[in-house]
There are 4 protein chains.
Amino acid sequence: MTYFPEVASPIQYAGPDSRDALSFKQYDASAHVGGKTMAEHLRFAVCYWHTMRAGGVDPFGSATMSRPWPLNPETVDEAKQVMDAAFEFLTKLGVGFWCFHDIDIAPEGASRQEYVDNLAAMVDYAAAKQEETGIKLLWGTANLFSHPRYQCGAATSPDPEVFTFAALQVKNALEATNRLGGLGYTFWGGREGYDTLWNTDLKMERENLARLLHMAVEHADKIGFKGQFYIEPKPMEPTRHQYDSDVESCLNFLREFDLMDHLKLNVETNHATLAGHSMQYELQAARTAGALGSIDANTGDELVGWDTDQFPTSIYLTTQIMLELLEMGGFSTGGLNFDAKVRRASHEPIDLFYAHIGGMDAFARGLKVAHAIREDGRLAQFVEDRYSGWNQSLGQGIRNGTASLESCAEHALATEEPQRTSGRQEFLENLINEYM
Amino acid sequence: MTYFPEVASPIQYAGPDSRDALSFKQYDASAHVGGKTMAEHLRFAVCYWHTMRAGGVDPFGSATMSRPWPLNPETVDEAKQVMDAAFEFLTKLGVGFWCFHDIDIAPEGASRQEYVDNLAAMVDYAAAKQEETGIKLLWGTANLFSHPRYQCGAATSPDPEVFTFAALQVKNALEATNRLGGLGYTFWGGREGYDTLWNTDLKMERENLARLLHMAVEHADKIGFKGQFYIEPKPMEPTRHQYDSDVESCLNFLREFDLMDHLKLNVETNHATLAGHSMQYELQAARTAGALGSIDANTGDELVGWDTDQFPTSIYLTTQIMLELLEMGGFSTGGLNFDAKVRRASHEPIDLFYAHIGGMDAFARGLKVAHAIREDGRLAQFVEDRYSGWNQSLGQGIRNGTASLESCAEHALATEEPQRTSGRQEFLENLINEYM
Amino acid sequence: MTYFPEVASPIQYAGPDSRDALSFKQYDASAHVGGKTMAEHLRFAVCYWHTMRAGGVDPFGSATMSRPWPLNPETVDEAKQVMDAAFEFLTKLGVGFWCFHDIDIAPEGASRQEYVDNLAAMVDYAAAKQEETGIKLLWGTANLFSHPRYQCGAATSPDPEVFTFAALQVKNALEATNRLGGLGYTFWGGREGYDTLWNTDLKMERENLARLLHMAVEHADKIGFKGQFYIEPKPMEPTRHQYDSDVESCLNFLREFDLMDHLKLNVETNHATLAGHSMQYELQAARTAGALGSIDANTGDELVGWDTDQFPTSIYLTTQIMLELLEMGGFSTGGLNFDAKVRRASHEPIDLFYAHIGGMDAFARGLKVAHAIREDGRLAQFVEDRYSGWNQSLGQGIRNGTASLESCAEHALATEEPQRTSGRQEFLENLINEYM
Amino acid sequence: MTYFPEVASPIQYAGPDSRDALSFKQYDASAHVGGKTMAEHLRFAVCYWHTMRAGGVDPFGSATMSRPWPLNPETVDEAKQVMDAAFEFLTKLGVGFWCFHDIDIAPEGASRQEYVDNLAAMVDYAAAKQEETGIKLLWGTANLFSHPRYQCGAATSPDPEVFTFAALQVKNALEATNRLGGLGYTFWGGREGYDTLWNTDLKMERENLARLLHMAVEHADKIGFKGQFYIEPKPMEPTRHQYDSDVESCLNFLREFDLMDHLKLNVETNHATLAGHSMQYELQAARTAGALGSIDANTGDELVGWDTDQFPTSIYLTTQIMLELLEMGGFSTGGLNFDAKVRRASHEPIDLFYAHIGGMDAFARGLKVAHAIREDGRLAQFVEDRYSGWNQSLGQGIRNGTASLESCAEHALATEEPQRTSGRQEFLENLINEYM
């Protein structure tokens, strides 16, 4: 059976002049950009939750999505139909990776044991699918936010019983990820925050969250999981305030609880926006701390206040992201995971193709622009020149600790007012636009 | 000469039924609340910049403030008039503390040497005023953001020459603070951020900022300054994005650069709001990290996006702040500094009294409410009960590290779905309202 | 059968010192405030959708609410159980009014005819309940946003077929409202907006929306419905942007399409906040246009960007609302409808009582404070004095049209710079606080 | 004398491959795009206030701009130097229009009469400059917000004396605009709003604002001014809330006070953003009401909350704007006025060139993209097809008023559930990206 009969064969690169909506206009998987293929640079992943399982429910309306597979599979057989559709989609789209939560791929069942068994069955099925298609698992994770038991948190629940259920899911999801050769495992603390501080022991909750992460790290060791752990910042939604609200609150958390060696960050544009930061900043904050691991490739709407998880199409955004990635030397374990969903009114299966194609083309374009900016070199040169004083003796002394407050003050007293240099923001914005 | 003839004598406590706008209705300095006087609890400070020096300029309009003292003193003599007015105000208002930037109290002069000399002269003058009135310096600081030389940052300037000017000011401001027996010294990084990442070396700028802080700590040691250093979070304005954007980004910064032992945080409501956090959260985040030092007592307007620095009048806000303070056991070196300015249209000197009286009354009320809530005990008991599972064996095992992911998972497999407990947010909000 | 056994009898007024969470501390229905009872002033209504039908689903989690009645009734019998619970709740809470959408009270059924029949049956049942209890219908409405057919709008759908379904629902909901003696009928355009302008004919959509309103007005005439029509502003959510985004966009819409005589506004705090306005402003904008009809009594969280629909507990907010209401002379057809839901973790039925009691007490407190401020008179006097110049000849000439640009300019040329008068914002904020 | 020696001759079009930062890469004034030249389409204007007079002051810092002309001219002679520089800039940049406030071009002087005389002198000087260069006045306006007398509003001041000063300025600015052949006159109500509702008579203030507009309209008639009046929406800043907060509040205001025939809107991107609307929406709301007059060409930062007035460089933004303009058939009296300022750290005169060149290129690019999208026709066709049902009998009956609520309801009862059609948002976003 085919789930996407309207797409006869894998999406092809047809170039920028193509008017075929089911072709790539920018993304040419095997074309080289600076020594690597586009596929190697971009490492696209499709997420199971939005693409296969989301029904289009919103706070004011019921499901709209028309899908030829079961949106809410209740048996392993139904879940296999979803997975068949998923791998057909991945294959026809031509991406190399996927991501999932435990209960995305396996029905929760009526008991914990059913959950464990269903997941095991589906992991076997997925392993076969991976083998068959060559598609890899970018990362796995556990859904610790949908079930009512997590209404007051998972690792941060006031009830230790709930913590153990979270642990059960993390253990199984981690082992599933390991079995599937996953390159990473992600923690996103959907309910790990507070709704009101009046009922909350903030200190204990954060400590308990750290405990779960340490447990997972130890268990990975035990089972031989070599993948990278990630933590994903988000400021709010579903809770009123999450503990890992942005890159720097995550870094603070990791430093405080001695986890910096074990986790990197999975950074998402829409979460950055909600936190009041640009994606460019969040990526730099993570990268310069040596903690940028993977990226959720989506975008939000800057004029609404919730997580719209839209497909990214702005080439300004994708250029900024790709500049950071190229600066970092590319991904090691991470990739660009489309944590994005089609709009509620884009309810036909074909819209899933349009959406992913658009996102992939936008990133391919961003990669080319970013590469061109780097090849050109003027931007990097401008920054280097701007800070060149720090390579001379005064600057070096300050940076290497030989200068003191007193020696600096003496210097200032003895010199003329420094010559000011224009920041040239407009000039630089124009320079970027030359490549758009 | 008197600068405030309309206020004949110090503002008196007249009780809640008073209709005299120049009396305290809630703040009774010597009245006891739970073992300490209100004055001891609240430790109010007046800031020199807004109260004595602000003219009411805004991005669309020129100065409006009518002041019988020179708003922009250019000589030491003029600066002394301002200080006379300041100490008359402090005395008539009946607060125990003040705060200043170096160039608030002393004219910058035409050269660095003049700056140094003017400041020294004014520090002598201030010392005499303090002695005369018994008013103390809560903290001092240096203004590293107004001068054009800081247009691209002070410690984070791309030009090391500019760094040395910042060092000169910090050295002088720190020594002035020490000479005046200041209880603390505050860093607020007005220009320590970026306007555009296109021209910015984020990593170097943050490292240089850390260098300045280390230099200051070392200099304090050298000169015998025993006060507490503070860093003050703010997300944006004047820059597009500051490095110390909220409590957790500050903590991350302090941890990264080994400064946690040397600096605490000075937290401000309006900055919390701009960062997308509640003041209650920011205070708890700082307090539970052992890093809450002092508080800037103001408020913002949650529906506009800039730093309005309004006087705080919401008793919900002041109650939340006072609950945190009482939980911490009160201030050690810190206080409640009114980093707040009268509205641009409140241009008469008497408005300064109305504004501070209102803020002090609001905090006195908050103190009483917070104390009552603590005495009542129901709120604390609710939270204690809610987390009581963590005092039992399952919870203890998780917290002390004897439990593992596996043991937790086994527990979950063997038990029933946990009984859910209501978070009771509405019940608790009502409980708080009982005391308002 | 009883659905709320934990509440044995109607909630009683027990006064501010009561520590019984199931008593009113402020709301004393029959107590007089300035010539009317509290019940007459406040006219509280409970909404059926949040209180009886909401399950606690959010974008990241499934239903949490424990309810002894069917949350999703599929038959008329089940729907009657919900209604029994509703009227038990209304009676025990002691409110005089309720509000509903058509499909809140009646199952949609498998066909349009079933929908019509189910609604008719439930309206009969509701009529009997109303008779039995004396509780009245504040307003009815039709849910034109939940069904997938409305994914691109109801009256503003690109498909006229969908418009007719909206018309079908409005007709039945309007007739149901009429049959139940409803005092009003509300339009809230959940999907009447756009998701992306790329696919939207804005002009036609707004015109079609106006058509539906005119049809409803004409139908009301035909069936003899004498109630008041309302339109409810909201800026966004569920759509990216709704056409009736705030009070003034609604007024513009009503004026443009000649509907000002037929509709007033139903204004909600949380929607005001999302639109970037204070509730105080939105109420004044509506009131001074003669268009304030009814109020949705809830609150939002100013630091998150979505519609939290929380129960209102701030006495500042309720005071501001009650000042507007008293200034208007009170409601004629409208009331205070708690369009508010318990938090997702407040999942027990008793939380519904806590929530409504808290909201009612907050409004009762606001009423008393507002009344006291008006009795005191200083606030009104201040404003009157401030504008007194407009009662003198210069001001009168400007206002009555005898003055011209030239005559004004001549006046200005011939006079001295006007004496500035302080706006006294801080003084006034303190004055308000005297009554809190 | 030359003020911009670094720019030897007018900026030339050098094409997209040029790397000369002082050339146009997209804007070729005389090149045709669909029947009109780029210059005819775009009608760029430079604003006097930001470009000639802004010093770079911000709420935390003093002026930074290095200018070879007097930034704050105090005599007519100094003002003439500024104007010489302005027309040199306009000429070298190659734009056809300028805009000004009365006190931008003429010193306010020490008295009203001096103000009148200075303005008259400078208008004569400007007239000569216009004649000499062929540059035209797009619109004039009066600055009713900077002077302290306007601290509580101009037309909306509580003091009618202040109203007369506003009238004096409007009269002189309007006559100056007329004398200079200005194509329009703009009202922007900087202080026409409130800081706190506690001290405000909202109804009277809005009525008085309408009076000033009517007076201006009548005076224009009297002096034979044939230009177009504009009102400019802005939600906040400098006041806490302005009365003309967005396009729809302006339209409501104009309708309420019978001013729709006399004023159109001058819409600005940054103000749209601050109001929570996209520029695309604001333009459509104005255009479909027949009220789009002119455009302030700038952009804001969506992650900060104040009016950054940045130069527009996003080609997505400029494409959206140009699509609206082309749909409207282009400007009649209006133009694209760069109400934008160089960043505070871009303090050199040459930065003014970079900034304007970048903005002009971005709009030229947007024009080309918009034209291509229209030529292609797929976007318009999609929308036409989507609404095609409204051209058939069911839709026509609804729109022309022959259908009623009843007839629609009957239709719905008799038909099947409508077939849903995807909104295709992602498909359309991709289509737009094809042209970027």
# chains A, B, ... in the order shown; residues from 1 in each chain; ligands from 1
>>> interface_residues(of="chain D", to="chain C", cutoff="7 Å", atoms="only C-alpha atoms", output="PyMOL selection string")
chain D and resi 112-113+149+158-162+164-165+167-168+171+196+198-200+203+208+211+215-216+219+248-249+251-252+288+383+386-387+389-390+394-395+399+404-405+408-409+411-413+418+420+423+425+428
>>> select_by_dssp(residues="segment 8-161 of chain A", states="helix (DSSP H, G or I)", output="MDAnalysis selection string")
chainID A and resid 38:42 48:53 76:93 102:105 112:133 148:150 160:161
>>> closest_residue(among="A:Ile315, A:Ala29, A:Gly224, A:Arg67", to="Glu348 of chain A", atoms="only C-alpha atoms")
A:Arg67
>>> residues_around(residues="segment 38-43 of chain C", least_positions_apart="3", cutoff="9 Å", atoms="only C-alpha atoms", output="number ranges by chain")
C: 27-33, 95-97, 138, 322, 325-326, 330-331, 334-337, 360, 363-364, 367
>>> atom_distance(atom1="atom CA of Phe44 of chain B", atom2="atom CA of His347 of chain B")
22.8 Å
>>> atom_distance(atom1="atom CA of Gly293 of chain D", atom2="atom CA of Lys264 of chain D")
5.1 Å
>>> select_by_dssp(residues="segment 36-226 of chain D", states="strand (DSSP E)", output="VMD selection string")
chain D and resid 36 to 37 44 to 47 97 to 101 136 to 141 184 to 187 193 to 194
>>> residues_around(residues="Leu352 of chain B", least_positions_apart="4", cutoff="10 Å", atoms="only C-alpha atoms", output="PDB file with C-alpha atoms, in the first residue's frame")
ATOM      1  CA  HIS B  50      16.575  59.585  39.004  1.00  0.00           C
ATOM      2  CA  THR B  51      15.689  61.660  42.003  1.00  0.00           C
ATOM      3  CA  MET B  52      18.260  64.417  41.833  1.00  0.00           C
ATOM      4  CA  PHE B  89      15.294  65.157  50.678  1.00  0.00           C
ATOM      5  CA  LEU B  93      11.742  61.520  53.686  1.00  0.00           C
ATOM      6  CA  LYS B 341      11.587  58.053  38.527  1.00  0.00           C
ATOM      7  CA  VAL B 342       8.572  60.304  38.669  1.00  0.00           C
ATOM      8  CA  ARG B 343       6.614  60.440  35.441  1.00  0.00           C
ATOM      9  CA  SER B 346       4.990  64.947  37.448  1.00  0.00           C
ATOM     10  CA  HIS B 347       7.478  67.740  37.153  1.00  0.00           C
ATOM     11  CA  GLU B 348       7.236  69.466  40.508  1.00  0.00           C
ATOM     12  CA  HIS B 356       8.659  57.893  47.418  1.00  0.00           C
ATOM     13  CA  ILE B 357       5.981  57.962  50.111  1.00  0.00           C
ATOM     14  CA  GLY B 358       3.769  55.803  47.925  1.00  0.00           C
TER      15      GLY B 358
ATOM     16  CA  GLU C 426       2.094  59.050  41.698  1.00  0.00           C
ATOM     17  CA  PHE C 427      -0.184  61.061  43.954  1.00  0.00           C
TER      18      PHE C 427
END
>>> closest_residue(among="D:Pro312, D:Gly377, D:Pro5, D:Pro10", to="Pro68 of chain D", atoms="only C-alpha atoms")
D:Pro5
>>> residues_around(residues="Glu108 of chain A", least_positions_apart="4", cutoff="12 Å", atoms="only C-alpha atoms", output="MDAnalysis selection string")
chainID A and resid 72:76 79 101:104 112:120 122 142:143 146:147 169
>>> atom_distance(atom1="atom CA of Tyr48 of chain D", atom2="atom CA of Glu282 of chain D")
25.1 Å
